[in-house]
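To start, the structure itself, in structure tokens.
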Protein chains: 2
Amino acid sequence: MKVLIVFAHPEPQSFGRALLERSVGTLQQAGHEVVLSDLYAMGFNPVASADDFQSRRFPQALQYDREQKHAHEHDAFAPDIQREIDKLLACEMLILHFPLWWFSVPAIMKGWIDRVFVNGVVYGKGRRFDTGGLKGRRAIICTTTACHPEMVEHDGLLGHLDVNLWHLQHGTLGYAGFDVLKPFAAWMIHYTTPETRQAYLDAWEQRLGGIEHEAPMPFHTLAEFGPDWRLCPEVEPRTVGHRRPAHPESN
Amino acid sequence: MKVLIVFAHPEPQSFGRALLERSVGTLQQAGHEVVLSDLYAMGFNPVASADDFQSRRFPQALQYDREQKHAHEHDAFAPDIQREIDKLLACEMLILHFPLWWFSVPAIMKGWIDRVFVNGVVYGKGRRFDTGGLKGRRAIICTTTACHPEMVEHDGLLGHLDVNLWHLQHGTLGYAGFDVLKPFAAWMIHYTTPETRQAYLDAWEQRLGGIEHEAPMPFHTLAEFGPDWRLCPEVEPRTVGHRRPAHPESN
């Protein structure tokens with residue numbers, strides 16, 4: 001496989017970096033081709049702006065996602081964006097490596113998504129989920145956290161991990177068409193022993209060994225929704241994001 | 001009330017900007033004091049790094065959240081961060097104004113959260129949710145979207161809006177201690193008529209009129225969880241993030 005790894009961590013000596021290095025080594029040893037976007041090392045600019053387009057469809061007022069579509073059609077993306085789009089389109093698997101900051105990616109990686117997951121390529125004209133622009137590819141999150149795994153169970157203090165990651169796993173990677181694999185998380189990372197860290201690295205390596213054949217998360221397909229964008233009544237919800245409320249007053 | 005508005009939009013002529021201006025005008029007319037952080041206008045740096053600290057507890061390798069705690073105790077934050085912390089601590093209500101990009105905030109606002117919601121002030125030493133550092137304050141999201149409201153119902157294509165926003169509303173604002181009000185969203189904003197936009201502005205103005213007394217979202221309190229971080233068995237889950245799975249194989 002061609003694997004694109006996007007990595008966001010400000011500290012080269014972090015355990016997140018050790019996980020990254022394990023990814024690169026393991027994948028290369030298994031014969032995969034690895035391309036790395038190390039966002040901090042690249043000094044990647046995360047701030048979407050009018051400067052991202054070399055020509056404009058609506059020069060009066062910026063409509064960011066509509067200009068993405070125009071830029072794709074007219075080969076008018078800023079070079080730093082086009083380079084990342086090219087990497088994304090060339091990959092068969094995407095790994096996002098990051099520390100979980102406020103239950104999402106660090107800003108530098110959010111900016112990579114904002115600027116690189118462009119309308120016209122990744123989605124648009126009804127292409128999303130199982131018809132998304134990146135369909136047929138796999139994606140996985142590999143993250144380090146400052147919480148205990150019990151906290152992100154269904155009835156845990158923070159709510160289920162997949163609810164916390166819904167905007168990323170379903171709303172971003174799933175929306176783009178990826179087959180999304182269950183996330184890999186290393187817990188309470190500042191307070192682990194060297195032995196625990198070694199065990200995380202080995203567990204991740206083992207996971208990577210079977211990553212080509214692992215079953216993705218069971219997201220719904222477009223065909224399971226009606227023209228009103230609601231799940232067809234005969235379809236049983238099978239994700240944390242489509243679960244029906246237990247009682248009407250719950251939010 | 002003292003109201004802090006944090007605004008992230010790259011286009012001064014956007015409808016998001018019009019919503020912001022309606023916020024400022026309505027709140028000031030009602031006698032509230034408004035402080036604005038216009039992140040694009042400020043050129044706010046969203047990238048968390050070692051430069052954020054003027055002294056370090058762990059100079060060898062950056063542990064970002066632990067350095068935040070140290071910086072708070074030693075008055076060692078970079079000035080752009082300290083200014084925003086001061087605004088945050090002075091406010092009684094926080095309004096986040098942003099376009100919904102990939103079911104979250106634009107990177108420049110994620111960076112404001114990463115750098116300003118600091119350990120030692122906003123959370124830490126067991127302070128979170130109803131004991132969070134910002135308890136007693138209110139917070140609300142005011143956003144513009146590129147989706148239909150039907151898509152973010154419980155059985156909608158994208159999953160419920162509150163699942164998409166869980167990481168922000170529960171994991172960030174709720175975790176910090178805020179009473180979080182239901183979000184305000186203007187739908188499919190690129191394709192609205194002037195009349196619809198006017199109606200959104202008026203609906204938002206009306207909402208702001210009662211914002212001091214509106215009931216917050218029903219998040220669970222710390223006392224409802226056991227020492228194992230799980231909801232006590234007698235407590236009925238009442239949020240989208242704590243809902244029990246319908247059947248075991250669902251994710």
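The way I read the labels, and the way they are meant: chains A, B, ... in the order of the structure tokens, residue 1 as the first residue of every chain, and ligand 1 as the first ligand shown, with later ones counted on from there.
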
If DSSP is run on the backbone, what residues of region 14-234 of chain A are alpha helix (DSSP H)? A reply as a VMD selection string would be ideal.
chain A and resid 15 to 29 39 to 42 64 to 74 79 to 90 107 to 116 161 to 164 166 to 168 194 to 209

Backbone DSSP call of strand (DSSP E or B) for region 5-249 of chain B, listed as a PyMOL selection string
chain B and resi 5-7+33-38+53+77+93-99+101+104+119+123-124+127+138-144+156+179-180+184-186+225+230-231

Write out as a VMD selection string which residues come within 10 Å of Gln169 (chain B) when counting only C-alpha atoms, dropping same-chain ones fewer than 5 positions away.
chain B and resid 139 to 141 162 to 164 174 to 176 178 to 183 217 219

Pick out the chain A residues within 7 Å of chain B. Count only C-alpha atoms. Give them as a short mmCIF file (atom, residue, chain, number, x, y, z; two decimals) with N, CA, C and O atoms, in the first residue's frame.
```cif
data_model
loop_
_atom_site.label_atom_id
_atom_site.label_comp_id
_atom_site.auth_asym_id
_atom_site.auth_seq_id
_atom_site.Cartn_x
_atom_site.Cartn_y
_atom_site.Cartn_z
N PRO A 10 4.39 18.97 18.61
CA PRO A 10 5.44 20.00 18.71
C PRO A 10 6.75 19.48 19.29
O PRO A 10 7.74 20.21 19.24
N GLU A 11 6.77 18.24 19.81
CA GLU A 11 7.97 17.77 20.53
C GLU A 11 8.57 16.53 19.87
O GLU A 11 7.97 15.46 19.87
N GLN A 13 10.80 14.60 20.91
CA GLN A 13 11.08 13.50 21.84
C GLN A 13 9.82 12.90 22.45
O GLN A 13 9.89 12.13 23.40
N PRO A 46 -1.78 26.63 9.03
CA PRO A 46 -3.12 26.06 9.20
C PRO A 46 -4.27 27.04 8.94
O PRO A 46 -5.43 26.63 9.04
N VAL A 47 -3.97 28.28 8.63
CA VAL A 47 -5.03 29.29 8.58
C VAL A 47 -5.55 29.47 7.15
O VAL A 47 -4.88 30.04 6.30
N SER A 49 -7.37 31.04 4.11
CA SER A 49 -7.59 32.45 3.77
C SER A 49 -7.67 32.60 2.26
O SER A 49 -7.46 31.64 1.50
N ALA A 61 -16.15 38.59 -2.36
CA ALA A 61 -16.23 38.11 -0.97
C ALA A 61 -15.91 36.62 -0.97
O ALA A 61 -16.46 35.86 -1.77
N LEU A 62 -15.04 36.23 -0.06
CA LEU A 62 -14.54 34.86 -0.02
C LEU A 62 -15.60 33.87 0.47
O LEU A 62 -16.10 34.00 1.58
N TRP A 101 -6.06 16.75 21.70
CA TRP A 101 -6.17 18.03 22.39
C TRP A 101 -7.62 18.48 22.32
O TRP A 101 -8.14 18.72 21.23
N TRP A 102 -8.27 18.59 23.45
CA TRP A 102 -9.69 18.98 23.49
C TRP A 102 -10.53 18.10 22.57
O TRP A 102 -11.35 18.57 21.82
N PHE A 103 -10.24 16.80 22.67
CA PHE A 103 -11.04 15.77 21.99
C PHE A 103 -11.06 15.93 20.48
O PHE A 103 -11.98 15.51 19.79
N SER A 104 -9.98 16.52 19.96
CA SER A 104 -9.85 16.70 18.52
C SER A 104 -8.37 16.80 18.18
O SER A 104 -7.51 16.53 19.02
N ALA A 107 -4.52 22.31 16.37
CA ALA A 107 -4.93 23.29 15.36
C ALA A 107 -4.17 23.12 14.04
O ALA A 107 -4.73 23.29 12.96
N ILE A 108 -2.89 22.80 14.12
CA ILE A 108 -2.10 22.70 12.88
C ILE A 108 -2.65 21.57 12.00
O ILE A 108 -2.61 21.68 10.76
N LYS A 110 -5.93 20.54 12.21
CA LYS A 110 -7.26 20.99 11.76
C LYS A 110 -7.10 21.86 10.52
O LYS A 110 -7.90 21.77 9.57
N GLY A 111 -6.05 22.67 10.50
CA GLY A 111 -5.81 23.51 9.34
C GLY A 111 -5.43 22.71 8.11
O GLY A 111 -5.78 23.07 6.98
N ASP A 114 -8.82 21.61 6.97
CA ASP A 114 -9.56 22.75 6.40
C ASP A 114 -9.07 23.09 5.00
O ASP A 114 -9.86 23.39 4.10
N GLU A 150 -11.57 4.08 30.68
CA GLU A 150 -12.91 3.96 31.27
C GLU A 150 -13.72 5.24 31.06
O GLU A 150 -14.95 5.21 31.05
N MET A 151 -13.03 6.38 30.95
CA MET A 151 -13.73 7.67 30.81
C MET A 151 -14.42 7.81 29.46
O MET A 151 -15.32 8.63 29.31
N HIS A 154 -19.21 4.03 26.86
CA HIS A 154 -20.54 4.59 26.62
C HIS A 154 -21.07 5.38 27.81
O HIS A 154 -21.69 6.42 27.65
N ASP A 155 -20.82 4.87 29.03
CA ASP A 155 -21.32 5.54 30.22
C ASP A 155 -20.19 6.22 31.00
O ASP A 155 -20.32 6.51 32.17
N GLY A 156 -19.08 6.48 30.31
CA GLY A 156 -17.93 7.11 30.96
C GLY A 156 -18.09 8.63 31.08
O GLY A 156 -18.91 9.24 30.41
N LEU A 157 -17.26 9.19 31.94
CA LEU A 157 -17.33 10.62 32.25
C LEU A 157 -17.36 11.50 31.00
O LEU A 157 -18.05 12.52 30.94
N LEU A 158 -16.58 11.12 29.98
CA LEU A 158 -16.41 11.99 28.81
C LEU A 158 -17.32 11.59 27.64
O LEU A 158 -17.34 12.28 26.62
N GLY A 159 -18.09 10.54 27.80
CA GLY A 159 -18.86 10.01 26.67
C GLY A 159 -17.95 9.12 25.83
O GLY A 159 -16.72 9.16 25.95
N HIS A 160 -18.54 8.31 24.97
CA HIS A 160 -17.78 7.32 24.22
C HIS A 160 -16.71 7.97 23.33
O HIS A 160 -16.94 9.04 22.76
N VAL A 163 -17.92 8.99 20.06
CA VAL A 163 -18.73 10.22 20.04
C VAL A 163 -17.80 11.43 20.04
O VAL A 163 -17.98 12.38 19.29
N ASN A 164 -16.77 11.37 20.88
CA ASN A 164 -15.78 12.45 20.90
C ASN A 164 -15.10 12.63 19.55
O ASN A 164 -14.81 13.75 19.14
N TRP A 166 -16.43 11.66 16.64
CA TRP A 166 -17.42 11.59 15.57
C TRP A 166 -17.15 12.60 14.45
O TRP A 166 -17.22 12.29 13.26
N HIS A 167 -16.85 13.84 14.85
CA HIS A 167 -16.62 14.90 13.84
C HIS A 167 -15.44 14.56 12.93
O HIS A 167 -15.41 14.97 11.78
N GLY A 171 -17.59 12.59 10.36
CA GLY A 171 -17.85 13.86 9.67
C GLY A 171 -16.75 14.28 8.71
O GLY A 171 -17.00 15.05 7.78
N THR A 172 -15.53 13.77 8.94
CA THR A 172 -14.42 14.19 8.08
C THR A 172 -13.93 12.99 7.25
O THR A 172 -14.11 12.96 6.03
N PHE A 225 -30.44 6.14 3.51
CA PHE A 225 -31.16 7.37 3.87
C PHE A 225 -32.19 7.70 2.78
O PHE A 225 -31.95 7.44 1.60
N TRP A 229 -33.10 12.89 3.87
CA TRP A 229 -31.83 12.79 4.59
C TRP A 229 -31.95 12.04 5.91
O TRP A 229 -31.03 12.08 6.72
N ARG A 230 -33.06 11.34 6.15
CA ARG A 230 -33.22 10.57 7.39
C ARG A 230 -33.05 9.09 7.09
O ARG A 230 -33.40 8.63 6.00
N LEU A 231 -32.54 8.36 8.06
CA LEU A 231 -32.41 6.91 7.93
C LEU A 231 -33.76 6.30 7.57
O LEU A 231 -34.77 6.65 8.20
N ARG A 238 -26.79 1.92 13.48
CA ARG A 238 -25.68 1.10 13.96
C ARG A 238 -24.41 1.91 14.27
O ARG A 238 -23.32 1.35 14.36
N THR A 239 -24.56 3.20 14.43
CA THR A 239 -23.41 4.02 14.85
C THR A 239 -23.78 4.82 16.09
O THR A 239 -24.97 5.01 16.38
N VAL A 240 -22.77 5.33 16.80
CA VAL A 240 -23.04 6.16 17.98
C VAL A 240 -23.71 7.47 17.60
O VAL A 240 -24.39 8.09 18.40
N GLY A 241 -23.52 7.91 16.36
CA GLY A 241 -24.08 9.20 15.95
C GLY A 241 -25.51 9.14 15.47
O GLY A 241 -26.16 10.18 15.35
N HIS A 242 -26.02 7.97 15.21
CA HIS A 242 -27.39 7.83 14.72
C HIS A 242 -28.31 7.18 15.73
O HIS A 242 -29.44 6.85 15.42
N ARG A 243 -27.80 7.00 16.94
CA ARG A 243 -28.59 6.33 17.97
C ARG A 243 -29.81 7.17 18.34
O ARG A 243 -29.72 8.39 18.45
N ARG A 244 -30.94 6.51 18.51
CA ARG A 244 -32.16 7.24 18.86
C ARG A 244 -32.15 7.63 20.32
O ARG A 244 -31.62 6.92 21.16
N SER A 250 -34.22 14.21 26.42
CA SER A 250 -32.75 14.17 26.39
C SER A 250 -32.26 14.91 25.15
O SER A 250 -32.96 14.99 24.15
N ASN A 251 -31.04 15.42 25.25
CA ASN A 251 -30.58 16.22 24.10
C ASN A 251 -29.79 15.36 23.11
O ASN A 251 -29.68 14.15 23.29
#
```

Who sits within 10 Å of Lys69 (chain B), only C-alpha atoms, same chain under 5 positions skipped, as a PyMOL selection string:
chain B and resi 57+64+74-77+118-121+123-124

Written file, previous selection with all heavy atoms, as an mmCIF file, in the first residue's frame:
```cif
data_model
loop_
_atom_site.group_PDB
_atom_site.id
_atom_site.type_symbol
_atom_site.label_atom_id
_atom_site.label_comp_id
_atom_site.auth_asym_id
_atom_site.auth_seq_id
_atom_site.Cartn_x
_atom_site.Cartn_y
_atom_site.Cartn_z
ATOM 1 N N ARG B 57 9.122 24.015 33.142
ATOM 2 C CA ARG B 57 9.336 23.036 34.200
ATOM 3 C C ARG B 57 10.141 21.846 33.677
ATOM 4 O O ARG B 57 10.956 21.276 34.381
ATOM 5 C CB ARG B 57 7.982 22.562 34.738
ATOM 6 C CG ARG B 57 8.131 21.521 35.832
ATOM 7 C CD ARG B 57 6.812 21.141 36.486
ATOM 8 N NE ARG B 57 6.987 19.958 37.324
ATOM 9 C CZ ARG B 57 6.012 19.135 37.684
ATOM 10 N NH1 ARG B 57 4.773 19.383 37.286
ATOM 11 N NH2 ARG B 57 6.255 18.092 38.438
ATOM 12 N N TYR B 64 3.034 19.791 26.717
ATOM 13 C CA TYR B 64 2.357 21.082 26.563
ATOM 14 C C TYR B 64 1.426 21.418 27.729
ATOM 15 O O TYR B 64 1.492 22.505 28.294
ATOM 16 C CB TYR B 64 1.605 21.119 25.222
ATOM 17 C CG TYR B 64 1.180 22.523 24.845
ATOM 18 C CD1 TYR B 64 2.096 23.433 24.348
ATOM 19 C CD2 TYR B 64 -0.136 22.942 25.026
ATOM 20 C CE1 TYR B 64 1.728 24.725 24.030
ATOM 21 C CE2 TYR B 64 -0.520 24.231 24.705
ATOM 22 C CZ TYR B 64 0.411 25.128 24.210
ATOM 23 O OH TYR B 64 0.038 26.404 23.905
ATOM 24 N N HIS B 74 3.728 30.460 37.413
ATOM 25 C CA HIS B 74 4.906 31.333 37.385
ATOM 26 C C HIS B 74 4.737 32.531 36.463
ATOM 27 O O HIS B 74 5.705 33.186 36.111
ATOM 28 C CB HIS B 74 6.144 30.517 36.974
ATOM 29 C CG HIS B 74 6.487 29.450 37.956
ATOM 30 N ND1 HIS B 74 5.837 28.219 37.991
ATOM 31 C CD2 HIS B 74 7.379 29.433 38.985
ATOM 32 C CE1 HIS B 74 6.333 27.484 38.978
ATOM 33 N NE2 HIS B 74 7.261 28.190 39.595
ATOM 34 N N ASP B 75 3.496 32.796 36.074
ATOM 35 C CA ASP B 75 3.203 33.984 35.265
ATOM 36 C C ASP B 75 4.103 34.022 34.023
ATOM 37 O O ASP B 75 4.729 35.038 33.720
ATOM 38 C CB ASP B 75 3.438 35.226 36.138
ATOM 39 C CG ASP B 75 2.688 36.443 35.597
ATOM 40 O OD1 ASP B 75 1.800 36.256 34.747
ATOM 41 O OD2 ASP B 75 3.018 37.570 36.013
ATOM 42 N N ALA B 76 4.162 32.879 33.325
ATOM 43 C CA ALA B 76 5.161 32.730 32.266
ATOM 44 C C ALA B 76 4.551 32.452 30.886
ATOM 45 O O ALA B 76 5.233 31.912 30.007
ATOM 46 C CB ALA B 76 6.136 31.620 32.649
ATOM 47 N N PHE B 77 3.286 32.795 30.695
ATOM 48 C CA PHE B 77 2.702 32.618 29.362
ATOM 49 C C PHE B 77 3.188 33.696 28.398
ATOM 50 O O PHE B 77 3.440 34.839 28.802
ATOM 51 C CB PHE B 77 1.170 32.700 29.430
ATOM 52 C CG PHE B 77 0.527 31.456 29.972
ATOM 53 C CD1 PHE B 77 -0.121 31.467 31.204
ATOM 54 C CD2 PHE B 77 0.574 30.261 29.252
ATOM 55 C CE1 PHE B 77 -0.715 30.319 31.716
ATOM 56 C CE2 PHE B 77 -0.025 29.109 29.753
ATOM 57 C CZ PHE B 77 -0.666 29.138 30.988
ATOM 58 N N VAL B 118 -6.202 26.805 29.309
ATOM 59 C CA VAL B 118 -4.981 26.225 29.873
ATOM 60 C C VAL B 118 -5.234 25.435 31.145
ATOM 61 O O VAL B 118 -6.096 25.766 31.967
ATOM 62 C CB VAL B 118 -3.912 27.311 30.134
ATOM 63 C CG1 VAL B 118 -3.507 27.977 28.826
ATOM 64 C CG2 VAL B 118 -4.378 28.339 31.139
ATOM 65 N N ASN B 119 -4.431 24.400 31.284
ATOM 66 C CA ASN B 119 -4.338 23.580 32.494
ATOM 67 C C ASN B 119 -3.930 24.498 33.648
ATOM 68 O O ASN B 119 -3.041 25.331 33.507
ATOM 69 C CB ASN B 119 -3.277 22.494 32.249
ATOM 70 C CG ASN B 119 -3.192 21.481 33.378
ATOM 71 O OD1 ASN B 119 -3.964 21.515 34.332
ATOM 72 N ND2 ASN B 119 -2.239 20.574 33.248
ATOM 73 N N GLY B 120 -4.598 24.338 34.785
ATOM 74 C CA GLY B 120 -4.288 25.180 35.937
ATOM 75 C C GLY B 120 -5.282 26.313 36.097
ATOM 76 O O GLY B 120 -5.471 26.841 37.185
ATOM 77 N N VAL B 121 -5.923 26.716 34.998
ATOM 78 C CA VAL B 121 -6.917 27.794 35.046
ATOM 79 C C VAL B 121 -8.290 27.222 34.688
ATOM 80 O O VAL B 121 -9.232 27.295 35.479
ATOM 81 C CB VAL B 121 -6.554 28.936 34.061
ATOM 82 C CG1 VAL B 121 -7.644 29.999 34.042
ATOM 83 C CG2 VAL B 121 -5.205 29.541 34.402
ATOM 84 N N TYR B 123 -9.010 23.998 33.851
ATOM 85 C CA TYR B 123 -9.218 22.654 34.397
ATOM 86 C C TYR B 123 -7.943 22.260 35.151
ATOM 87 O O TYR B 123 -6.949 23.000 35.160
ATOM 88 C CB TYR B 123 -9.517 21.642 33.283
ATOM 89 C CG TYR B 123 -8.323 21.359 32.404
ATOM 90 C CD1 TYR B 123 -7.557 20.207 32.576
ATOM 91 C CD2 TYR B 123 -7.924 22.269 31.422
ATOM 92 C CE1 TYR B 123 -6.449 19.956 31.786
ATOM 93 C CE2 TYR B 123 -6.811 22.019 30.635
ATOM 94 C CZ TYR B 123 -6.074 20.860 30.825
ATOM 95 O OH TYR B 123 -4.970 20.617 30.053
ATOM 96 N N GLY B 124 -7.967 21.072 35.753
ATOM 97 C CA GLY B 124 -6.792 20.575 36.466
ATOM 98 C C GLY B 124 -7.103 20.318 37.918
ATOM 99 O O GLY B 124 -8.010 20.923 38.479
#
```

Determine the nearest neighbour of Arg138 (chain A) from the options A:Pro79, A:Gly126, A:Gly209, A:Gly177, counting only C-alpha atoms.
A:Gly177
